[in-house]
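A.B. asks: The structure under discussion is supplied below as structure tokens; questions concerning it will follow.
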Amino acid sequence: MISTALDAIPTPPCSQLLGWRVLDARPEDSWIRIGFEGKPEFRNPAGFIQGGILSAMLDDTMGPAVFVKTNGRLYTSTISMNISFLAPAKVGPIIGEATVVQLGKTVAFIEGRLMDETRPAPRDGHCECAAGGSG
């Protein structure tokens, strides 16, 4: 596992619920890959992972991309997030990838996507985040 600034802070309970874990990161490229667990408890009546859960996974991929890029100097608060659900997600491993597209003094623009093992990039998102100091 790669060492990142995320190693220095505890994993939030909401991230733990989602099965969140860093799989890979390239801070110099403004990129991160996060693993999640699509649990049976997250299914909607159709049997797929509920869209709100997928949105939380995507949000919990894009924010950490800024934190890792800035070596822990900036946390983010989501201002807006636009998500396109291109295919349903099934129970099992879900992988999130995010790239910081632009980082200003107060706003970051991030692109992210979620994938499962059978379909690449079924859910894409774009996020604007307020960037603030960590302490």
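Letters A, B, ... go to the chains of the structure tokens in the order shown; residues in each chain start at 1; ligands are counted from 1 in the same order.
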For Leu23 of chain A, work out the shell of residues within 8 Å, counting only C-alpha atoms and skipping chain neighbours fewer than 4 positions away, then give it as a PDB file with N, CA and C atoms, in the first residue's frame.

C.D. replies:
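New file result37.pdb:
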```pdb
ATOM      1  N   MET A   1       0.840  -1.188   0.000  1.00  0.00           N
ATOM      2  CA  MET A   1       0.000   0.000   0.000  1.00  0.00           C
ATOM      3  C   MET A   1       0.881   1.246   0.000  1.00  0.00           C
ATOM      4  N   ILE A   2       0.483   2.246  -0.744  1.00  0.00           N
ATOM      5  CA  ILE A   2       1.242   3.485  -0.845  1.00  0.00           C
ATOM      6  C   ILE A   2       0.994   4.349   0.392  1.00  0.00           C
ATOM      7  N   ILE A  32      -5.856   9.719  -7.393  1.00  0.00           N
ATOM      8  CA  ILE A  32      -6.000   8.739  -6.315  1.00  0.00           C
ATOM      9  C   ILE A  32      -6.957   7.635  -6.754  1.00  0.00           C
ATOM     10  N   ARG A  33      -6.747   6.438  -6.222  1.00  0.00           N
ATOM     11  CA  ARG A  33      -7.661   5.301  -6.427  1.00  0.00           C
ATOM     12  C   ARG A  33      -8.068   4.784  -5.049  1.00  0.00           C
ATOM     13  N   ILE A  34      -9.380   4.680  -4.843  1.00  0.00           N
ATOM     14  CA  ILE A  34      -9.945   4.257  -3.566  1.00  0.00           C
ATOM     15  C   ILE A  34     -10.797   3.005  -3.791  1.00  0.00           C
ATOM     16  N   GLY A  35     -10.710   2.057  -2.860  1.00  0.00           N
ATOM     17  CA  GLY A  35     -11.556   0.871  -2.910  1.00  0.00           C
ATOM     18  C   GLY A  35     -12.714   1.004  -1.940  1.00  0.00           C
TER      19      GLY A  35
END
```

A.B. asks: Going by DSSP on the backbone, which bits of segment 8-113 of chain A are helix (DSSP H, G or I)? Write them as a PyMOL selection string, please.

C.D. replies: chain A and resi 8+13-17+27-29+40-42+51-69

A.B. asks: Of the candidates A:Met62, A:Val101, A:Ile94, A:Ala8, which shows the shortest atom-to-atom distance to Asp116 of chain A, using only C-alpha atoms?

C.D. replies: A:Ile94

A.B. asks: Please report the interatomic distance between atom CA of Asn44 of chain A and atom CA of Arg21 of chain A in Å with one decimal.

C.D. replies: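 Atom CA of Asn44 of chain A sits 23.6 Å away from atom CA of Arg21 of chain A.
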
A.B. asks: Using only C-alpha atoms, find the one residue out of A:Gly63, A:Ala98, A:Pro12, A:Thr106 that sits nearest to Tyr75 of chain A.

C.D. replies: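 Of A:Gly63, A:Ala98, A:Pro12, A:Thr106, the one nearest Tyr75 of chain A is A:Gly63, counting only C-alpha atoms.
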
A.B. asks: Quick one: residues within 6 Å of Phe36 of chain A, only C-alpha atoms, excluding same-chain residues fewer than 6 positions away - as a list in words?

C.D. replies: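 What passes the distance filter is Leu18, Gly19, Trp20, Pro93 and Ile94 of chain A.
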
A.B. asks: Can you list, as a ChimeraX atom specification, every protein, DNA or RNA residue that comes within 12 Å of Gln50 of chain A when you count only C-alpha atoms, leaving out same-chain residues fewer than 2 positions away?

C.D. replies: /A:38-48,52-57,85,87-91

A.B. asks: Select, from A:Pro10, A:Gly92, A:Pro27, A:Gly112, the residue with the minimum atom-to-atom distance to Thr61 of chain A, counting only C-alpha atoms.

C.D. replies: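 Between A:Pro10, A:Gly92, A:Pro27, A:Gly112, the residue approaching Thr61 of chain A most closely is A:Gly112.
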
A.B. asks: Determine the nearest neighbour of Glu117 of chain A from the options A:Thr76, A:Glu37, A:Phe67, A:Met81, counting only C-alpha atoms.

C.D. replies: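 The closest residue to Glu117 of chain A is A:Glu37.
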
A.B. asks: Could you tell me how far atom CA of Arg26 of chain A lies from atom CA of Ala108 of chain A, in Å and to one decimal?

C.D. replies: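 Those two atoms sit 17.2 Å apart.
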
A.B. asks: Could you pull the residues within 8 Å of Asn71 of chain A, counting only C-alpha atoms, minus those fewer than 2 positions along the same chain, as a PyMOL selection string?

C.D. replies: chain A and resi 4-5+27+67-69+73-74

A.B. asks: Atoms to include: N, CA and C atoms. Write the selected residues as a CSV table (one decimal), in the first residue's frame.

C.D. replies:
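Saved to selection02.csv:
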```csv
chain,number,residue,atom,x,y,z
A,4,THR,N,0.4,7.9,2.1
A,4,THR,CA,-0.1,9.2,1.8
A,4,THR,C,-0.4,10.0,3.0
A,5,ALA,N,-0.7,11.3,2.9
A,5,ALA,CA,-1.1,12.1,4.0
A,5,ALA,C,-2.3,11.6,4.7
A,27,PRO,N,0.3,11.6,-5.9
A,27,PRO,CA,0.0,13.0,-5.6
A,27,PRO,C,0.6,14.0,-6.6
A,67,PHE,N,-6.7,16.3,-0.7
A,67,PHE,CA,-5.9,16.1,0.5
A,67,PHE,C,-4.6,15.5,0.2
A,68,VAL,N,-4.6,14.5,-0.6
A,68,VAL,CA,-3.3,13.8,-1.0
A,68,VAL,C,-2.4,14.7,-1.8
A,69,LYS,N,-3.0,15.4,-2.8
A,69,LYS,CA,-2.2,16.3,-3.7
A,69,LYS,C,-1.5,17.4,-2.9
A,73,ARG,N,-2.5,19.5,3.5
A,73,ARG,CA,-2.7,20.9,3.9
A,73,ARG,C,-4.1,21.4,3.6
A,74,LEU,N,-4.9,20.7,2.7
A,74,LEU,CA,-6.2,21.2,2.4
A,74,LEU,C,-7.2,20.1,2.6
```

A.B. asks: Just how far from atom CA of Asn82 of chain A is atom CA of Val100 of chain A, in Å to one decimal?

C.D. replies: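 One can read the atom CA of Val100 of chain A to atom CA of Asn82 of chain A distance as 15.1 Å.
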